[in-house]
Structures are given as C-alpha cells and as structure tokens.
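Pasting final_2.pdb here (PDB, C-alpha atoms):
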```pdb
ATOM      1  CA  MET A   1      21.418  94.512   1.126  1.00  0.00           C
ATOM      2  CA  GLN A   2      17.909  95.213   2.371  1.00  0.00           C
ATOM      3  CA  ALA A   3      14.987  92.957   1.390  1.00  0.00           C
ATOM      4  CA  PRO A   4      12.182  94.669  -0.548  1.00  0.00           C
ATOM      5  CA  LEU A   5       9.028  95.449   1.412  1.00  0.00           C
ATOM      6  CA  GLN A   6       6.137  93.166   0.642  1.00  0.00           C
ATOM      7  CA  ARG A   7       2.715  94.635   0.083  1.00  0.00           C
ATOM      8  CA  THR A   8      -0.190  93.449   2.174  1.00  0.00           C
ATOM      9  CA  PRO A   9      -2.373  91.138   0.087  1.00  0.00           C
ATOM     10  CA  LEU A  10      -5.640  92.640  -1.103  1.00  0.00           C
ATOM     11  CA  VAL A  11      -7.659  89.900   0.590  1.00  0.00           C
ATOM     12  CA  LEU A  12      -6.092  90.708   3.952  1.00  0.00           C
ATOM     13  CA  ARG A  13      -6.932  94.387   3.514  1.00  0.00           C
ATOM     14  CA  ARG A  14     -10.533  93.533   2.690  1.00  0.00           C
ATOM     15  CA  ILE A  15     -10.818  91.342   5.778  1.00  0.00           C
ATOM     16  CA  ALA A  16      -9.418  94.165   7.928  1.00  0.00           C
ATOM     17  CA  LEU A  17     -11.895  96.613   6.400  1.00  0.00           C
ATOM     18  CA  PHE A  18     -14.781  94.192   7.011  1.00  0.00           C
ATOM     19  CA  GLU A  19     -13.768  93.772  10.670  1.00  0.00           C
ATOM     20  CA  ALA A  20     -13.462  97.550  11.080  1.00  0.00           C
ATOM     21  CA  VAL A  21     -16.959  98.044   9.651  1.00  0.00           C
ATOM     22  CA  LYS A  22     -18.318  95.437  12.085  1.00  0.00           C
ATOM     23  CA  GLY A  23     -16.635  97.285  14.944  1.00  0.00           C
ATOM     24  CA  LEU A  24     -18.109 100.620  13.880  1.00  0.00           C
ATOM     25  CA  LEU A  25     -21.577  99.083  13.550  1.00  0.00           C
ATOM     26  CA  ALA A  26     -21.244  97.582  17.028  1.00  0.00           C
ATOM     27  CA  LEU A  27     -20.191 100.980  18.344  1.00  0.00           C
ATOM     28  CA  ALA A  28     -23.242 102.581  16.695  1.00  0.00           C
ATOM     29  CA  ALA A  29     -25.489  99.925  18.256  1.00  0.00           C
ATOM     30  CA  VAL A  30     -23.968 100.622  21.675  1.00  0.00           C
ATOM     31  CA  CYS A  31     -24.686 104.330  21.225  1.00  0.00           C
ATOM     32  CA  GLY A  32     -28.286 103.445  20.384  1.00  0.00           C
ATOM     33  CA  VAL A  33     -28.610 101.320  23.504  1.00  0.00           C
ATOM     34  CA  ILE A  34     -27.110 104.115  25.618  1.00  0.00           C
ATOM     35  CA  SER A  35     -29.742 106.497  24.249  1.00  0.00           C
ATOM     36  CA  LEU A  36     -32.448 104.094  25.511  1.00  0.00           C
ATOM     37  CA  ARG A  37     -30.969 103.838  29.004  1.00  0.00           C
ATOM     38  CA  HIS A  38     -33.424 106.169  30.757  1.00  0.00           C
ATOM     39  CA  THR A  39     -36.530 105.404  28.711  1.00  0.00           C
ATOM     40  CA  ASP A  40     -39.367 102.975  29.199  1.00  0.00           C
ATOM     41  CA  LEU A  41     -38.071  99.986  27.222  1.00  0.00           C
ATOM     42  CA  HIS A  42     -41.458  98.290  27.089  1.00  0.00           C
ATOM     43  CA  ALA A  43     -43.113 101.363  25.568  1.00  0.00           C
ATOM     44  CA  ALA A  44     -40.229 101.808  23.118  1.00  0.00           C
ATOM     45  CA  THR A  45     -40.549  98.148  22.074  1.00  0.00           C
ATOM     46  CA  ASP A  46     -44.305  98.484  21.541  1.00  0.00           C
ATOM     47  CA  ALA A  47     -43.808 101.650  19.481  1.00  0.00           C
ATOM     48  CA  PHE A  48     -41.147  99.935  17.361  1.00  0.00           C
ATOM     49  CA  LEU A  49     -43.366  96.916  16.688  1.00  0.00           C
ATOM     50  CA  LEU A  50     -46.350  99.066  15.765  1.00  0.00           C
ATOM     51  CA  ARG A  51     -44.259 101.361  13.536  1.00  0.00           C
ATOM     52  CA  HIS A  52     -42.937  98.413  11.549  1.00  0.00           C
ATOM     53  CA  GLY A  53     -46.191  96.447  11.448  1.00  0.00           C
ATOM     54  CA  ILE A  54     -44.864  93.457  13.401  1.00  0.00           C
ATOM     55  CA  ASP A  55     -47.490  91.321  15.121  1.00  0.00           C
ATOM     56  CA  PRO A  56     -46.668  91.254  18.869  1.00  0.00           C
ATOM     57  CA  GLU A  57     -48.614  88.013  19.331  1.00  0.00           C
ATOM     58  CA  ARG A  58     -46.257  85.888  17.245  1.00  0.00           C
ATOM     59  CA  HIS A  59     -44.152  83.422  19.219  1.00  0.00           C
ATOM     60  CA  TYR A  60     -40.668  84.938  18.858  1.00  0.00           C
ATOM     61  CA  THR A  61     -41.961  88.487  19.024  1.00  0.00           C
ATOM     62  CA  ARG A  62     -43.759  87.683  22.268  1.00  0.00           C
ATOM     63  CA  LEU A  63     -40.558  86.147  23.681  1.00  0.00           C
ATOM     64  CA  PHE A  64     -38.680  89.319  22.729  1.00  0.00           C
ATOM     65  CA  VAL A  65     -41.293  91.559  24.382  1.00  0.00           C
ATOM     66  CA  GLU A  66     -41.220  89.440  27.547  1.00  0.00           C
ATOM     67  CA  SER A  67     -37.429  89.596  27.735  1.00  0.00           C
ATOM     68  CA  VAL A  68     -37.497  93.378  27.274  1.00  0.00           C
ATOM     69  CA  ALA A  69     -40.069  93.641  30.072  1.00  0.00           C
ATOM     70  CA  LYS A  70     -37.621  91.840  32.402  1.00  0.00           C
ATOM     71  CA  ALA A  71     -34.702  94.125  31.501  1.00  0.00           C
ATOM     72  CA  THR A  72     -33.463  96.651  34.045  1.00  0.00           C
ATOM     73  CA  ASN A  73     -30.987  99.517  33.831  1.00  0.00           C
ATOM     74  CA  ARG A  74     -28.319  97.150  35.184  1.00  0.00           C
ATOM     75  CA  HIS A  75     -28.955  94.793  32.274  1.00  0.00           C
ATOM     76  CA  VAL A  76     -28.664  97.688  29.849  1.00  0.00           C
ATOM     77  CA  GLY A  77     -25.353  98.693  31.439  1.00  0.00           C
ATOM     78  CA  GLU A  78     -24.032  95.144  31.079  1.00  0.00           C
ATOM     79  CA  LEU A  79     -25.138  95.082  27.458  1.00  0.00           C
ATOM     80  CA  VAL A  80     -23.330  98.355  26.821  1.00  0.00           C
ATOM     81  CA  ALA A  81     -20.145  97.022  28.438  1.00  0.00           C
ATOM     82  CA  LEU A  82     -20.254  93.841  26.346  1.00  0.00           C
ATOM     83  CA  GLY A  83     -20.940  95.841  23.189  1.00  0.00           C
ATOM     84  CA  LEU A  84     -18.014  98.154  23.853  1.00  0.00           C
ATOM     85  CA  ALA A  85     -15.717  95.186  24.468  1.00  0.00           C
ATOM     86  CA  TYR A  86     -16.866  93.567  21.209  1.00  0.00           C
ATOM     87  CA  ALA A  87     -16.357  96.809  19.277  1.00  0.00           C
ATOM     88  CA  LEU A  88     -12.905  97.234  20.790  1.00  0.00           C
ATOM     89  CA  VAL A  89     -11.887  93.711  19.752  1.00  0.00           C
ATOM     90  CA  ARG A  90     -13.162  94.285  16.220  1.00  0.00           C
ATOM     91  CA  LEU A  91     -11.452  97.657  15.861  1.00  0.00           C
ATOM     92  CA  VAL A  92      -8.110  96.435  17.187  1.00  0.00           C
TER
END
```
What is this file in structure tokens?
Amino acid sequence: MQAPLQRTPLVLRRIALFEAVKGLLALAAVCGVISLRHTDLHAATDAFLLRHGIDPERHYTRLFVESVAKATNRHVGELVALGLAYALVRLV
C-alpha cells in the first residue's frame, strides 16, 4: 500500500515565495547597476540626491558620495557578480 502524499505546509510555501521575491528584487537591482556601468557615477549620485531633496552635506550622505567617488568599473563588476550570486542563492 502506498502512503498518501503530504501537502507542503502553507508557512513553508510563504517562506519560499518570500525568498523568491527577494531573489527577483536582487536581480532587478543587479540590472540597475549594470545600466550604470558606463556612466559617471558621481554625476548620477548628485542627480539622485538633488532629485530626492537629500542634503549631500549630512554625515552618512557625504560618506556615501565619497565611496561612490572611489568606485571604478572593476568595483561595479564585482558588485554585479556578488549580486548575481546572491540572487541565484535566493532563487534556488
């Protein structure tokens, strides 16, 4: 006699859906970073801050702007690779 199949608990399905959504959001973020690969990151950062009314002289904002100024295309490539790995883990 064959044992009846058990249904996957609803909580487990919700957790899987949540992880899949996180993976898709990470994939979307990676696509956004790829689109910025051949642009002036400093100018894009300044435009973003001005568009959203964020004061660039605040402490954490200034740290963010300084770190973006140090970024190179190699750093962007590494960020893309890490983002793709994270998305892959979440989607699996």
List the neighbours of range 40-54 of chain A out to 7 Å using all atoms listed in the file; skip same-chain residues closer than 2 positions along the sequence, and give me the result as JSON, numbers by chain. {"A": [38, 56, 68, 69]}
Tell me which residues the PyMOL selection byres ((chain A and resi 30) around 9) grabs here, as number ranges by chain. A: 25-29, 31-35, 79-81, 83-84, 87
One decimal, Å: what's the distance from CA of Arg90 in chain A over to CA of Pro9 in chain A, could you say?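 Distance reported for this atom pair: 19.7 Å.
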Which value, in Å to one decimal, gives the distance between CA of Val11 in chain A and CA of Leu91 in chain A? 17.5 Å
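Coordinates place CA of Phe18 in chain A at a distance of 29.0 Å from CA of His75 in chain A.
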Residue among A:His59, A:Thr39, A:Leu17, A:Tyr86 lying closest to Asn73 in chain A, counting all atoms listed in the file: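 Between A:His59, A:Thr39, A:Leu17, A:Tyr86, the residue approaching Asn73 in chain A most closely is A:Thr39.
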Can range 13-27 of chain A be brought up to N, CA and C atoms and written out as a PDB file, keeping the file's coordinate frame?
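Written out: selection.pdb:
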```pdb
ATOM      1  N   ARG A  13      -6.413  93.033   3.327  1.00  0.00           N
ATOM      2  CA  ARG A  13      -6.932  94.387   3.514  1.00  0.00           C
ATOM      3  C   ARG A  13      -8.453  94.396   3.552  1.00  0.00           C
ATOM      4  N   ARG A  14      -9.070  93.598   2.706  1.00  0.00           N
ATOM      5  CA  ARG A  14     -10.533  93.533   2.690  1.00  0.00           C
ATOM      6  C   ARG A  14     -11.074  92.933   3.980  1.00  0.00           C
ATOM      7  N   ILE A  15     -10.405  91.935   4.504  1.00  0.00           N
ATOM      8  CA  ILE A  15     -10.818  91.342   5.778  1.00  0.00           C
ATOM      9  C   ILE A  15     -10.698  92.377   6.895  1.00  0.00           C
ATOM     10  N   ALA A  16      -9.605  93.130   6.911  1.00  0.00           N
ATOM     11  CA  ALA A  16      -9.418  94.165   7.928  1.00  0.00           C
ATOM     12  C   ALA A  16     -10.502  95.242   7.818  1.00  0.00           C
ATOM     13  N   LEU A  17     -10.845  95.622   6.605  1.00  0.00           N
ATOM     14  CA  LEU A  17     -11.895  96.613   6.400  1.00  0.00           C
ATOM     15  C   LEU A  17     -13.244  96.079   6.879  1.00  0.00           C
ATOM     16  N   PHE A  18     -13.533  94.819   6.581  1.00  0.00           N
ATOM     17  CA  PHE A  18     -14.781  94.192   7.011  1.00  0.00           C
ATOM     18  C   PHE A  18     -14.872  94.168   8.533  1.00  0.00           C
ATOM     19  N   GLU A  19     -13.784  93.805   9.205  1.00  0.00           N
ATOM     20  CA  GLU A  19     -13.768  93.772  10.670  1.00  0.00           C
ATOM     21  C   GLU A  19     -13.926  95.179  11.249  1.00  0.00           C
ATOM     22  N   ALA A  20     -13.324  96.177  10.616  1.00  0.00           N
ATOM     23  CA  ALA A  20     -13.462  97.550  11.080  1.00  0.00           C
ATOM     24  C   ALA A  20     -14.905  98.031  10.939  1.00  0.00           C
ATOM     25  N   VAL A  21     -15.557  97.665   9.850  1.00  0.00           N
ATOM     26  CA  VAL A  21     -16.959  98.044   9.651  1.00  0.00           C
ATOM     27  C   VAL A  21     -17.829  97.379  10.721  1.00  0.00           C
ATOM     28  N   LYS A  22     -17.557  96.115  11.032  1.00  0.00           N
ATOM     29  CA  LYS A  22     -18.318  95.437  12.085  1.00  0.00           C
ATOM     30  C   LYS A  22     -18.116  96.130  13.431  1.00  0.00           C
ATOM     31  N   GLY A  23     -16.902  96.568  13.702  1.00  0.00           N
ATOM     32  CA  GLY A  23     -16.635  97.285  14.944  1.00  0.00           C
ATOM     33  C   GLY A  23     -17.369  98.608  15.012  1.00  0.00           C
ATOM     34  N   LEU A  24     -17.402  99.335  13.908  1.00  0.00           N
ATOM     35  CA  LEU A  24     -18.109 100.620  13.880  1.00  0.00           C
ATOM     36  C   LEU A  24     -19.620 100.427  14.014  1.00  0.00           C
ATOM     37  N   LEU A  25     -20.150  99.374  13.394  1.00  0.00           N
ATOM     38  CA  LEU A  25     -21.577  99.083  13.550  1.00  0.00           C
ATOM     39  C   LEU A  25     -21.909  98.699  14.987  1.00  0.00           C
ATOM     40  N   ALA A  26     -21.040  97.938  15.621  1.00  0.00           N
ATOM     41  CA  ALA A  26     -21.244  97.582  17.028  1.00  0.00           C
ATOM     42  C   ALA A  26     -21.197  98.826  17.902  1.00  0.00           C
ATOM     43  N   LEU A  27     -20.289  99.729  17.596  1.00  0.00           N
ATOM     44  CA  LEU A  27     -20.191 100.980  18.344  1.00  0.00           C
ATOM     45  C   LEU A  27     -21.457 101.824  18.156  1.00  0.00           C
TER      46      LEU A  27
END
```
